[in-house]
>>> print(open('structure.txt').read())   # compact mmCIF, C-alpha atoms
# COMPACT_ATOMS: atom_id res chain seq x y z
CA MET U 1 106.48 77.20 122.81
CA PRO U 2 105.10 80.63 122.95
CA PRO U 3 101.34 81.02 123.29
CA LEU U 4 99.00 81.71 120.42
CA ARG U 5 96.86 84.80 120.95
CA ARG U 6 94.03 86.84 119.62
CA ARG U 7 94.64 90.26 118.14
CA ARG U 8 95.14 93.09 120.58
CA GLY U 9 92.46 95.72 121.14
CA ARG U 10 92.85 97.99 124.16
CA ALA U 11 93.14 94.86 126.27
CA LEU U 12 95.08 91.67 125.68
CA ARG U 13 93.59 88.23 125.24
CA GLY U 14 95.35 85.03 124.43
CA VAL U 15 95.15 81.66 122.85
CA ALA U 16 98.13 79.33 122.59
CA LEU U 17 100.98 79.95 120.10
CA ALA U 18 103.59 77.37 119.81
CA ALA U 19 104.65 76.16 123.18
CA ALA U 20 108.17 76.76 124.38
CA LEU U 21 109.42 78.29 121.15
CA VAL U 22 110.89 81.74 121.59
CA CYS U 23 111.53 84.64 119.30
CA ALA U 24 115.08 85.76 119.89
CA TYR U 25 114.97 88.46 117.22
CA GLY U 26 115.67 90.77 120.10
CA ALA U 27 114.05 89.42 123.20
CA GLY U 28 112.15 86.84 125.11
CA VAL U 29 109.57 84.17 124.68
CA VAL U 30 107.08 84.73 121.90
CA SER U 31 103.42 84.96 122.78
CA GLY U 32 100.47 85.51 120.54
CA SER U 33 98.48 88.41 119.22
CA GLY U 34 97.32 90.30 122.06
CA SER U 35 95.14 88.81 124.75
CA GLN U 36 93.01 90.23 127.40
CA ARG U 37 94.99 90.73 130.57
CA HIS U 38 93.16 90.61 133.90
CA ALA U 39 94.66 92.54 136.85
CA ALA U 40 95.06 90.39 139.95
CA VAL U 41 96.20 91.85 143.28
CA ALA U 42 97.43 89.41 145.91
CA GLY U 43 95.84 89.79 149.32
CA GLY U 44 97.98 90.55 152.34
CA GLY U 45 98.49 88.56 155.50
CA SER U 46 98.94 85.15 153.91
CA VAL U 47 101.39 82.48 154.99
CA LEU U 48 103.45 83.40 151.93
CA ASP U 49 103.86 86.94 153.25
CA GLU U 50 104.90 85.56 156.61
CA ALA U 51 107.40 83.17 155.02
CA ALA U 52 108.86 85.95 152.86
CA ALA U 53 109.27 88.19 155.90
CA GLN U 54 111.03 85.47 157.88
CA ILE U 55 113.35 84.59 155.00
CA GLY U 56 114.16 88.24 154.46
CA ARG U 57 115.11 88.70 158.11
CA ARG U 58 116.86 85.41 158.81
CA ALA U 59 118.49 84.14 155.62
CA ALA U 60 122.28 84.04 155.73
CA GLU U 61 122.46 86.02 152.49
CA PRO U 62 120.34 89.14 151.83
CA VAL U 63 117.42 88.55 149.50
CA GLY U 64 114.88 91.07 148.22
CA ARG U 65 111.15 90.63 148.36
CA GLY U 66 110.94 90.85 144.57
CA GLU U 67 113.24 87.85 144.21
CA LEU U 68 111.18 85.89 146.71
CA ASP U 69 107.92 86.79 144.98
CA ARG U 70 109.25 85.59 141.63
CA ALA U 71 110.55 82.35 143.14
CA ALA U 72 107.18 81.74 144.82
CA ILE U 73 105.22 82.36 141.62
CA GLU U 74 107.50 80.12 139.57
CA GLY U 75 107.24 77.43 142.23
CA MET U 76 103.43 77.55 142.13
CA LEU U 77 103.45 77.24 138.36
CA ARG U 78 105.80 74.24 138.53
CA GLY U 79 103.42 72.67 141.02
CA LEU U 80 100.65 72.70 138.42
CA GLY U 81 102.49 70.23 136.22
CA ASP U 82 101.64 72.54 133.30
CA ARG U 83 104.59 72.39 130.92
CA TRP U 84 103.53 75.62 129.19
CA ALA U 85 102.86 77.72 132.30
CA HIS U 86 105.27 80.64 132.54
CA TYR U 87 105.98 83.80 134.49
CA TYR U 88 107.17 86.99 132.76
CA PRO U 89 108.46 90.11 134.49
CA ALA U 90 106.79 93.20 133.06
CA THR U 91 109.67 94.25 130.81
CA GLU U 92 110.09 90.75 129.44
CA TYR U 93 106.43 90.47 128.55
CA ASP U 94 106.58 93.79 126.72
CA ASP U 95 109.42 92.31 124.66
CA VAL U 96 107.27 89.26 123.94
CA GLU U 97 104.49 91.39 122.50
CA GLY U 98 106.99 93.43 120.55
CA ARG U 99 108.12 90.31 118.74
CA LEU U 100 104.67 89.77 117.34
CA THR U 101 103.85 93.35 116.44
CA GLY U 102 107.09 94.23 114.69
CA ARG U 103 108.63 96.40 117.41
CA TYR U 104 111.89 94.62 118.09
CA SER U 105 115.54 94.28 117.19
CA GLY U 106 117.85 91.32 117.46
CA VAL U 107 119.42 88.54 115.42
CA GLY U 108 116.45 86.86 113.68
CA LEU U 109 116.02 83.49 115.43
CA TRP U 110 113.09 81.52 116.74
CA LEU U 111 114.37 79.33 119.57
CA GLY U 112 112.98 75.96 120.56
CA SER U 113 113.68 72.99 122.78
CA GLY U 114 115.34 69.90 121.33
CA ALA U 115 114.46 66.33 122.22
CA ASP U 116 117.24 66.34 124.83
CA GLY U 117 116.00 69.59 126.37
CA ARG U 118 118.75 71.76 124.91
CA VAL U 119 117.94 75.06 123.23
CA VAL U 120 117.98 74.94 119.43
CA ALA U 121 117.42 77.35 116.56
CA ALA U 122 113.91 76.36 115.46
CA SER U 123 113.94 78.64 112.41
CA VAL U 124 115.90 81.53 110.98
CA GLN U 125 114.19 84.56 109.48
CA PRO U 126 115.51 85.40 106.00
CA GLY U 127 117.41 88.66 105.67
CA THR U 128 118.40 88.86 109.35
CA PRO U 129 121.88 88.79 110.93
CA ALA U 130 121.53 85.11 111.84
CA ALA U 131 120.54 84.16 108.29
CA SER U 132 123.35 86.22 106.74
CA ALA U 133 125.93 84.68 109.06
CA GLY U 134 124.84 81.13 108.22
CA VAL U 135 122.98 80.01 111.34
CA ARG U 136 120.72 77.09 110.44
CA ALA U 137 117.51 75.64 111.83
CA GLY U 138 118.46 72.71 114.06
CA ASP U 139 121.70 74.26 115.33
CA VAL U 140 122.07 73.59 119.08
CA VAL U 141 122.94 76.73 121.06
CA THR U 142 125.88 76.07 123.38
CA ALA U 143 127.04 79.57 124.33
CA VAL U 144 126.15 83.24 124.04
CA GLY U 145 129.21 85.41 124.28
CA ASP U 146 131.62 83.62 126.60
CA ALA U 147 128.83 82.15 128.73
CA PRO U 148 127.90 78.47 128.25
CA VAL U 149 124.12 78.01 128.22
CA ASP U 150 124.02 74.62 129.98
CA GLY U 151 121.06 74.71 132.34
CA TRP U 152 119.57 77.85 130.78
CA ASP U 153 115.95 77.85 129.71
CA ILE U 154 114.78 79.31 126.42
CA SER U 155 113.80 82.63 127.99
CA ARG U 156 117.27 83.20 129.38
CA VAL U 157 118.96 82.40 126.08
CA ALA U 158 116.55 84.73 124.29
CA ARG U 159 117.19 87.57 126.73
CA SER U 160 120.92 87.19 126.29
CA LEU U 161 120.56 87.55 122.51
CA ARG U 162 118.50 90.72 122.59
CA GLY U 163 119.94 94.22 122.69
CA ARG U 164 120.11 97.54 120.95
CA PRO U 165 120.64 97.79 117.20
CA GLY U 166 124.34 97.91 116.36
CA GLU U 167 125.44 95.91 119.40
CA ALA U 168 127.34 92.69 118.67
CA VAL U 169 126.81 89.27 120.23
CA GLU U 170 128.72 86.01 119.77
CA LEU U 171 126.66 82.86 119.24
CA THR U 172 128.19 79.37 119.49
CA VAL U 173 126.29 76.32 118.24
CA GLU U 174 126.78 72.62 117.66
CA ARG U 175 126.00 71.35 114.18
CA GLY U 176 126.35 67.61 114.07
CA ARG U 177 129.84 66.95 115.40
CA ARG U 178 131.14 70.43 114.61
CA THR U 179 131.16 73.63 116.63
CA GLU U 180 130.34 76.87 114.82
CA ARG U 181 130.81 80.38 116.21
CA PHE U 182 129.02 83.40 114.73
CA HIS U 183 129.62 87.11 115.22
CA LEU U 184 126.18 88.72 114.97
CA VAL U 185 125.31 92.41 115.02
CA ARG U 186 121.82 93.11 116.30
CA THR U 187 119.59 95.07 113.97
CA PRO U 188 115.93 96.05 113.71
CA VAL U 189 114.20 92.98 112.35
CA PRO U 190 111.39 93.46 109.83
CA GLY U 191 108.04 92.27 111.10
CA GLY U 192 107.16 90.55 107.86
CA ASN U 193 107.50 86.78 108.05
CA VAL U 194 106.14 86.05 104.58
CA THR U 195 108.40 85.53 101.57
CA VAL U 196 107.01 84.90 98.10
CA THR U 197 108.80 83.19 95.22
CA ASP U 198 107.34 82.58 91.77
CA LEU U 199 107.80 79.04 90.49
CA PRO U 200 107.58 77.63 86.96
CA GLU U 201 104.18 77.01 85.40
CA HIS U 202 102.52 79.93 87.18
CA ALA U 203 102.89 78.35 90.63
CA ARG U 204 103.96 80.27 93.73
CA LEU U 205 105.92 79.38 96.87
CA ILE U 206 104.73 81.25 99.98
CA ARG U 207 107.00 80.77 102.97
CA VAL U 208 105.58 81.75 106.38
CA GLY U 209 108.21 81.87 109.12
CA ALA U 210 105.82 82.82 111.94
CA PHE U 211 102.36 84.30 112.40
CA THR U 212 103.17 87.86 113.39
CA SER U 213 101.09 90.98 112.80
CA GLY U 214 100.16 91.33 109.12
CA THR U 215 101.03 87.77 108.11
CA GLY U 216 97.49 86.85 107.04
CA ARG U 217 97.17 90.01 104.96
CA ASP U 218 100.47 89.29 103.20
CA VAL U 219 99.52 85.68 102.46
CA ARG U 220 96.14 86.75 101.08
CA ALA U 221 97.82 89.33 98.85
CA ALA U 222 100.19 86.67 97.51
CA VAL U 223 97.23 84.41 96.68
CA THR U 224 94.48 86.73 95.49
CA GLY U 225 95.98 90.20 95.19
CA PRO U 226 97.60 91.89 92.19
CA SER U 227 101.08 90.69 91.30
CA PRO U 228 103.50 91.59 88.50
CA SER U 229 103.51 87.94 87.50
CA GLY U 230 99.75 87.49 87.88
CA ARG U 231 97.85 85.18 90.19
CA PRO U 232 99.27 81.69 90.94
CA THR U 233 96.96 79.75 88.66
CA GLY U 234 99.40 76.85 88.69
CA GLY U 235 98.99 76.36 92.44
CA VAL U 236 100.37 77.49 95.79
CA LEU U 237 103.08 75.77 97.80
CA LEU U 238 102.56 77.00 101.39
CA ASP U 239 105.76 76.33 103.35
CA LEU U 240 105.17 76.14 107.13
CA ARG U 241 108.32 74.20 108.00
CA GLY U 242 109.98 75.45 111.16
CA ASN U 243 107.04 77.76 111.86
CA PRO U 244 106.51 77.79 115.65
CA GLY U 245 103.15 79.53 115.52
CA GLY U 246 102.13 83.06 116.47
CA LEU U 247 98.92 85.04 116.51
CA LEU U 248 95.60 83.23 116.33
CA ASP U 249 93.99 86.00 114.28
CA GLU U 250 96.78 85.76 111.71
CA ALA U 251 96.46 81.96 111.49
CA VAL U 252 92.71 82.28 110.90
CA GLU U 253 93.25 84.96 108.26
CA THR U 254 95.92 82.85 106.52
CA ALA U 255 93.65 79.80 106.35
CA SER U 256 90.79 82.04 105.20
CA ALA U 257 92.83 83.09 102.16
CA PHE U 258 92.26 79.55 100.81
CA LEU U 259 88.70 78.87 101.99
CA PRO U 260 85.26 79.92 100.71
CA GLY U 261 83.83 80.22 104.23
CA GLY U 262 83.05 78.00 107.20
CA PRO U 263 85.05 76.82 110.21
CA VAL U 264 88.80 77.20 110.73
CA VAL U 265 89.35 76.14 114.36
CA THR U 266 87.50 75.69 117.64
CA TYR U 267 88.85 76.62 121.04
CA GLU U 268 87.65 74.80 124.14
CA PRO U 269 88.33 76.93 127.23
CA ARG U 270 87.79 75.31 130.60
CA GLY U 271 84.40 76.13 132.07
CA ARG U 272 83.30 78.28 129.13
CA PRO U 273 81.40 77.67 125.88
CA VAL U 274 83.33 76.46 122.85
CA GLN U 275 84.69 79.36 120.81
CA ARG U 276 84.44 78.88 117.04
CA ARG U 277 86.64 80.80 114.62
CA THR U 278 85.37 80.93 111.05
CA VAL U 279 86.46 82.44 107.76
CA GLY U 280 86.06 86.20 107.80
CA THR U 281 86.59 87.22 104.20
CA PRO U 282 86.29 84.31 101.73
CA GLY U 283 89.44 83.50 99.79
CA ASP U 284 90.54 81.50 96.76
CA ALA U 285 88.80 78.14 97.05
CA GLU U 286 89.97 76.70 93.71
CA THR U 287 93.73 77.12 93.21
CA PRO U 288 95.55 73.87 94.17
CA VAL U 289 97.40 74.05 97.49
CA VAL U 290 100.17 71.91 98.96
CA VAL U 291 101.35 72.59 102.52
CA LEU U 292 104.91 71.73 103.57
CA VAL U 293 105.36 70.79 107.26
CA ASP U 294 107.95 69.27 109.57
CA ALA U 295 108.60 68.68 113.27
CA GLY U 296 109.08 72.43 113.75
CA THR U 297 105.56 73.21 112.50
CA ALA U 298 103.62 73.99 115.66
CA SER U 299 100.51 75.56 117.18
CA ALA U 300 99.17 78.32 114.90
CA ALA U 301 100.95 76.71 111.95
CA GLU U 302 99.26 73.40 112.79
CA ILE U 303 95.91 75.20 112.93
CA VAL U 304 96.42 76.38 109.35
CA ALA U 305 97.63 73.02 108.05
CA GLY U 306 94.95 71.08 109.94
CA SER U 307 92.11 73.33 108.85
CA LEU U 308 93.10 73.22 105.17
CA ARG U 309 93.35 69.44 105.20
CA ASP U 310 90.13 68.89 107.16
CA ARG U 311 88.34 71.15 104.69
CA ASP U 312 89.76 69.11 101.76
CA ARG U 313 91.58 72.19 100.59
CA ALA U 314 95.22 71.07 100.67
CA VAL U 315 97.56 68.10 100.52
CA ILE U 316 100.10 67.97 103.37
CA VAL U 317 103.69 66.99 102.50
CA GLY U 318 106.67 66.49 104.85
CA SER U 319 107.12 64.94 108.28
CA ARG U 320 104.89 64.84 111.37
CA THR U 321 104.29 68.21 112.99
CA TYR U 322 105.11 69.17 116.58
CA GLY U 323 101.73 68.58 118.22
CA LYS U 324 100.95 71.75 120.21
CA GLY U 325 97.20 72.00 120.72
CA SER U 326 96.89 73.59 124.15
CA VAL U 327 95.77 77.14 124.79
CA GLN U 328 97.45 79.57 127.16
CA GLU U 329 95.97 82.76 128.58
CA PRO U 330 98.02 85.63 130.04
CA ILE U 331 96.93 87.20 133.34
CA GLU U 332 98.47 90.49 134.37
CA LEU U 333 99.49 90.94 138.01
CA ALA U 334 99.49 94.20 139.95
CA ASP U 335 103.13 95.04 139.13
CA GLY U 336 102.69 94.52 135.37
CA SER U 337 104.23 91.05 135.36
CA VAL U 338 102.28 88.26 133.67
CA ILE U 339 101.56 84.60 134.35
CA GLU U 340 100.41 82.30 131.57
CA LEU U 341 98.39 79.17 132.22
CA THR U 342 97.00 76.45 130.02
CA VAL U 343 93.25 77.01 129.97
CA GLY U 344 91.98 74.75 127.20
CA ARG U 345 92.54 72.95 123.91
CA TYR U 346 91.88 73.78 120.28
CA ARG U 347 90.53 71.42 117.63
CA THR U 348 90.63 71.38 113.85
CA PRO U 349 87.37 71.61 111.83
CA GLY U 350 87.20 67.82 111.80
CA GLY U 351 87.27 67.75 115.61
CA ARG U 352 90.85 66.52 115.97
CA ASN U 353 92.89 67.39 119.05
CA LEU U 354 96.49 67.71 117.86
CA ASP U 355 98.08 68.13 121.30
CA GLY U 356 100.88 65.60 121.67
CA VAL U 357 99.91 64.02 118.35
CA GLY U 358 100.58 66.49 115.56
CA ILE U 359 99.61 66.10 111.93
CA GLU U 360 100.71 63.08 109.91
CA PRO U 361 101.34 64.27 106.32
CA ASP U 362 99.42 62.86 103.38
CA VAL U 363 102.76 62.44 101.60
CA ALA U 364 105.52 61.56 104.03
CA VAL U 365 109.11 62.67 103.49
CA SER U 366 111.57 61.47 106.13
CA ALA U 367 112.96 64.19 108.36
CA ASP U 368 116.39 62.67 107.69
CA ARG U 369 116.19 63.71 104.04
CA PRO U 370 117.64 67.06 102.90
CA PRO U 371 115.10 69.94 103.05
CA GLY U 372 115.15 70.22 99.26
CA GLU U 373 113.76 66.71 98.93
CA ALA U 374 110.47 67.62 100.63
CA GLU U 375 110.11 70.70 98.44
CA ARG U 376 110.75 68.68 95.26
CA ARG U 377 108.12 66.15 96.33
CA ALA U 378 105.67 68.94 97.12
CA ARG U 379 106.16 70.51 93.68
CA THR U 380 105.47 67.16 92.05
CA VAL U 381 102.24 66.81 94.05
CA LEU U 382 101.25 70.37 93.13
CA ARG U 383 101.74 69.69 89.44
CA GLY U 384 99.61 66.58 89.76
CA LEU U 385 96.82 68.50 91.49
CA HIS U 386 96.89 71.16 88.80
CA ALA U 387 96.76 68.57 86.06
CA THR U 388 93.53 67.15 87.49
CA MET U 389 91.74 70.51 87.54
CA PRO U 390 88.87 70.84 85.06
CA ASP U 391 89.60 73.04 82.05
CA LYS U 392 87.95 76.44 82.06
CA ASP U 393 86.43 77.96 78.97
>>> encode(input="structure.txt", output="structure tokens")
Amino acid sequence: MPPLRRRRGRALRGVALAAALVCAYGAGVVSGSGSQRHAAVAGGGSVLDEAAAQIGRRAAEPVGRGELDRAAIEGMLRGLGDRWAHYYPATEYDDVEGRLTGRYSGVGLWLGSGADGRVVAASVQPGTPAASAGVRAGDVVTAVGDAPVDGWDISRVARSLRGRPGEAVELTVERGRRTERFHLVRTPVPGGNVTVTDLPEHARLIRVGAFTSGTGRDVRAAVTGPSPSGRPTGGVLLDLRGNPGGLLDEAVETASAFLPGGPVVTYEPRGRPVQRRTVGTPGDAETPVVVLVDAGTASAAEIVAGSLRDRDRAVIVGSRTYGKGSVQEPIELADGSVIELTVGRYRTPGGRNLDGVGIEPDVAVSADRPPGEAERRARTVLRGLHATMPDKD
């Protein structure tokens, strides 16, 4: 899943996002909010240089030094045994950042890896070409255009889906035992990943598809800001299903919208002091909150769900979350390409490490049930929470 990162200043600095999940709105693997990049120039005269020179001179087929460098870097990363380590050419990494800052075009998919290793649609952003055509979360990608994707990694599938606005791309998926083919026309995709729906009894459904730039602000506005229908005094249903993560700053700001202050998450980088992220601006600490989660809820989304539950601020409904608690940091190389390495773990306010474990909901709804069942259960829980609130004079 893509790494979760801190907000970008002049430099980039990163904390893990979701793992191998990828934003195919228009390009490659999603990373987080910005993250400090450190230039690293390889020294000359190493055995790798010698090997590259010999291969370049003697190989039966011509091969460029750039190809050899990439193969060597990817081989070193594989040797780490770090499942989230990744190498991005410079242009691909620019696309990654564009996904999270709203500068992209594409079809409106977050891609993920299924249990069998195949690439799946993790979530579909409302109002995008993929959503309009009927692509669904859980669809298994089998071909892009006329090219089967067997053996492709998520990055390659994502790159094949990106392109200029107005260009068409054919997407073929498996859905159960059926094959579905979609004709999609790439378009600029709005950066907003927050949709708000008013529910009966003054409640409000806030759906967060991913933690991109501005997500925390939009969630806070839906909770505490002015609204034609007033504030959600009947409670908030925060839907994080299929949310692969995103920017750390946005996750912290989203959780802060429901907390009076105090801790949100801690980050434990290797060899450095523990970094604590706390509420910046206090939010609404009284309105009842229910958080909807599923197996596609990962990384930054798990930070939000875990912090709200550990702070006794929300009831969690749905199925067990993904379990992505590791932190990646991007390091820029001399040619503008980037390597990402796992450098630590994050923990919820209660000290829980979610990596490989996830969050077990307070109210479990089997993943085999239709999506509407979990939402119905969550609304029932929300009504119950509201009913127990003390009356105000």
>>> residues_around(input="structure.txt", residues="Thr172 of chain U", least_positions_apart="2", cutoff="6 Å", atoms="all atoms listed in the file", output="list in words")
Thr142, Ala143, Glu180 and Arg181 of chain U
>>> atom_distance(input="structure.txt", atom1="atom CA of Val365 of chain U", atom2="atom CA of Val317 of chain U")
7.0 Å
>>> closest_residue(input="structure.txt", among="U:Leu237, U:Ala90, U:Ala255, U:Leu205", to="Arg217 of chain U", atoms="all atoms listed in the file")
U:Ala255
>>> closest_residue(input="structure.txt", among="U:Ala314, U:Pro282, U:Glu302, U:Pro129", to="Phe211 of chain U", atoms="all atoms listed in the file")
U:Glu302
>>> closest_residue(input="structure.txt", among="U:Gly214, U:Gly318, U:Pro232, U:Pro200", to="Pro370 of chain U", atoms="all atoms listed in the file")
U:Gly318
>>> closest_atom_pairs(input="structure.txt", of="segment 63-135 of chain U", to="segment 174-179 of chain U", cutoff="12 Å", atoms="only C-alpha atoms", output="tab-separated table")
residue	atom	partner	partner_atom	distance
U:Arg118	CA	U:Glu174	CA	10.9
U:Val119	CA	U:Glu174	CA	10.7
U:Val120	CA	U:Glu174	CA	9.3
U:Ala121	CA	U:Glu174	CA	10.5
U:Gly134	CA	U:Arg175	CA	11.5
U:Val135	CA	U:Arg175	CA	9.6
>>> atom_distance(input="structure.txt", atom1="atom CA of Pro126 of chain U", atom2="atom CA of Leu240 of chain U")
13.9 Å
>>> axis_aligned_box(input="structure.txt", around="segment 217-224 of chain U", padding_each_side="8 Å", output="AutoDock Vina command-line options")
--center_x 97.5 --center_y 87.2 --center_z 100.2 --size_x 22.0 --size_y 21.6 --size_z 25.5
>>> atom_distance(input="structure.txt", atom1="atom CA of Ala251 of chain U", atom2="atom CA of Thr233 of chain U")
22.9 Å
>>> closest_atom_pairs(input="structure.txt", of="segment 182-203 of chain U", to="segment 144-167 of chain U", cutoff="6 Å", atoms="only C-alpha atoms", output="JSON lines")
{"residue": "U:Val185", "atom": "CA", "partner": "U:Glu167", "partner_atom": "CA", "distance": 5.6}
{"residue": "U:Arg186", "atom": "CA", "partner": "U:Pro165", "partner_atom": "CA", "distance": 4.9}
{"residue": "U:Thr187", "atom": "CA", "partner": "U:Pro165", "partner_atom": "CA", "distance": 4.4}
>>> closest_residue(input="structure.txt", among="U:Arg383, U:Arg347, U:Arg352, U:Arg277", to="Val236 of chain U", atoms="all atoms listed in the file")
U:Arg383
>>> residues_around(input="structure.txt", residues="Leu308 of chain U", least_positions_apart="5", cutoff="9 Å", atoms="all atoms listed in the file", output="PDB file with C-alpha atoms, keeping the file's coordinate frame")
ATOM      1  CA  ALA U 255      93.650  79.800 106.350  1.00  0.00           C
ATOM      2  CA  PHE U 258      92.260  79.550 100.810  1.00  0.00           C
ATOM      3  CA  LEU U 259      88.700  78.870 101.990  1.00  0.00           C
ATOM      4  CA  VAL U 264      88.800  77.200 110.730  1.00  0.00           C
ATOM      5  CA  VAL U 289      97.400  74.050  97.490  1.00  0.00           C
ATOM      6  CA  VAL U 291     101.350  72.590 102.520  1.00  0.00           C
ATOM      7  CA  ILE U 303      95.910  75.200 112.930  1.00  0.00           C
ATOM      8  CA  ARG U 313      91.580  72.190 100.590  1.00  0.00           C
ATOM      9  CA  ALA U 314      95.220  71.070 100.670  1.00  0.00           C
ATOM     10  CA  VAL U 315      97.560  68.100 100.520  1.00  0.00           C
ATOM     11  CA  ILE U 316     100.100  67.970 103.370  1.00  0.00           C
ATOM     12  CA  PRO U 349      87.370  71.610 111.830  1.00  0.00           C
TER      13      PRO U 349
END
>>> residues_around(input="structure.txt", residues="Thr388 of chain U", least_positions_apart="3", cutoff="12 Å", atoms="all atoms listed in the file", output="list in words")
Gly234, Gly235, Glu286, Thr287, Pro288, Val381, Leu382, Arg383, Gly384, Leu385 and Asp391 of chain U
>>> write_last_selection(input="structure.txt", atoms="C-alpha atoms", output="tab-separated table (two decimals), in the coordinates of the input")
chain	number	residue	atom	x	y	z
U	234	GLY	CA	99.40	76.85	88.69
U	235	GLY	CA	98.99	76.36	92.44
U	286	GLU	CA	89.97	76.70	93.71
U	287	THR	CA	93.73	77.12	93.21
U	288	PRO	CA	95.55	73.87	94.17
U	381	VAL	CA	102.24	66.81	94.05
U	382	LEU	CA	101.25	70.37	93.13
U	383	ARG	CA	101.74	69.69	89.44
U	384	GLY	CA	99.61	66.58	89.76
U	385	LEU	CA	96.82	68.50	91.49
U	391	ASP	CA	89.60	73.04	82.05
>>> closest_residue(input="structure.txt", among="U:Leu109, U:Ala301, U:Gly225, U:Tyr267", to="Leu238 of chain U", atoms="all atoms listed in the file")
U:Ala301
>>> closest_residue(input="structure.txt", among="U:Gly261, U:Gly56, U:Pro361, U:Gly336", to="Thr281 of chain U", atoms="all atoms listed in the file")
U:Gly261
>>> residues_around(input="structure.txt", residues="Gly230 of chain U", least_positions_apart="2", cutoff="12 Å", atoms="all atoms listed in the file", output="PyMOL selection string")
chain U and resi 198-199+201-204+221-228+232-234
>>> residues_around(input="structure.txt", residues="Thr128 of chain U", least_positions_apart="3", cutoff="10 Å", atoms="all atoms listed in the file", output="short mmCIF file (atom, residue, chain, number, x, y, z; two decimals) with C-alpha atoms, in the frame of the given file")
data_model
loop_
_atom_site.label_atom_id
_atom_site.label_comp_id
_atom_site.auth_asym_id
_atom_site.auth_seq_id
_atom_site.Cartn_x
_atom_site.Cartn_y
_atom_site.Cartn_z
CA TYR U 25 114.97 88.46 117.22
CA SER U 105 115.54 94.28 117.19
CA GLY U 106 117.85 91.32 117.46
CA VAL U 107 119.42 88.54 115.42
CA GLY U 108 116.45 86.86 113.68
CA LEU U 109 116.02 83.49 115.43
CA VAL U 124 115.90 81.53 110.98
CA GLN U 125 114.19 84.56 109.48
CA ALA U 131 120.54 84.16 108.29
CA SER U 132 123.35 86.22 106.74
CA ALA U 133 125.93 84.68 109.06
CA LEU U 184 126.18 88.72 114.97
CA VAL U 185 125.31 92.41 115.02
CA ARG U 186 121.82 93.11 116.30
CA THR U 187 119.59 95.07 113.97
CA PRO U 188 115.93 96.05 113.71
CA VAL U 189 114.20 92.98 112.35
CA PRO U 190 111.39 93.46 109.83
#
>>> decode(input="structure.txt", residues="segment 383-392 of chain U", atoms="N, CA, C and O atoms", output="JSON list (two decimals), in the first residue's frame")
[["chain", "number", "residue", "atom", "x", "y", "z"],
["U", 383, "ARG", "N", -28.10, 5.49, 16.57],
["U", 383, "ARG", "CA", -29.34, 5.89, 17.24],
["U", 383, "ARG", "C", -29.30, 5.54, 18.71],
["U", 383, "ARG", "O", -29.76, 6.30, 19.57],
["U", 384, "GLY", "N", -28.74, 4.36, 19.02],
["U", 384, "GLY", "CA", -28.64, 3.96, 20.41],
["U", 384, "GLY", "C", -27.71, 4.88, 21.21],
["U", 384, "GLY", "O", -28.01, 5.24, 22.34],
["U", 385, "LEU", "N", -26.59, 5.27, 20.60],
["U", 385, "LEU", "CA", -25.67, 6.19, 21.27],
["U", 385, "LEU", "C", -26.36, 7.54, 21.54],
["U", 385, "LEU", "O", -26.21, 8.12, 22.62],
["U", 386, "HIS", "N", -27.09, 8.01, 20.54],
["U", 386, "HIS", "CA", -27.75, 9.30, 20.70],
["U", 386, "HIS", "C", -28.81, 9.24, 21.79],
["U", 386, "HIS", "O", -28.99, 10.21, 22.56],
["U", 387, "ALA", "N", -29.48, 8.12, 21.87],
["U", 387, "ALA", "CA", -30.55, 7.97, 22.86],
["U", 387, "ALA", "C", -30.01, 7.99, 24.29],
["U", 387, "ALA", "O", -30.73, 8.33, 25.24],
["U", 388, "THR", "N", -28.75, 7.63, 24.46],
["U", 388, "THR", "CA", -28.16, 7.59, 25.80],
["U", 388, "THR", "C", -27.53, 8.93, 26.22],
["U", 388, "THR", "O", -27.05, 9.05, 27.35],
["U", 389, "MET", "N", -27.50, 9.88, 25.30],
["U", 389, "MET", "CA", -26.91, 11.18, 25.62],
["U", 389, "MET", "C", -27.76, 11.91, 26.64],
["U", 389, "MET", "O", -29.00, 11.86, 26.57],
["U", 390, "PRO", "N", -27.16, 12.62, 27.58],
["U", 390, "PRO", "CA", -27.96, 13.38, 28.55],
["U", 390, "PRO", "C", -28.68, 14.53, 27.86],
["U", 390, "PRO", "O", -28.17, 15.14, 26.91],
["U", 391, "ASP", "N", -29.88, 14.82, 28.30],
["U", 391, "ASP", "CA", -30.65, 15.94, 27.75],
["U", 391, "ASP", "C", -29.99, 17.24, 28.13],
["U", 391, "ASP", "O", -29.44, 17.42, 29.22],
["U", 392, "LYS", "N", -30.04, 18.19, 27.19],
["U", 392, "LYS", "CA", -29.49, 19.52, 27.45],
["U", 392, "LYS", "C", -30.60, 20.52, 27.64],
["U", 392, "LYS", "O", -31.58, 20.50, 26.92]]
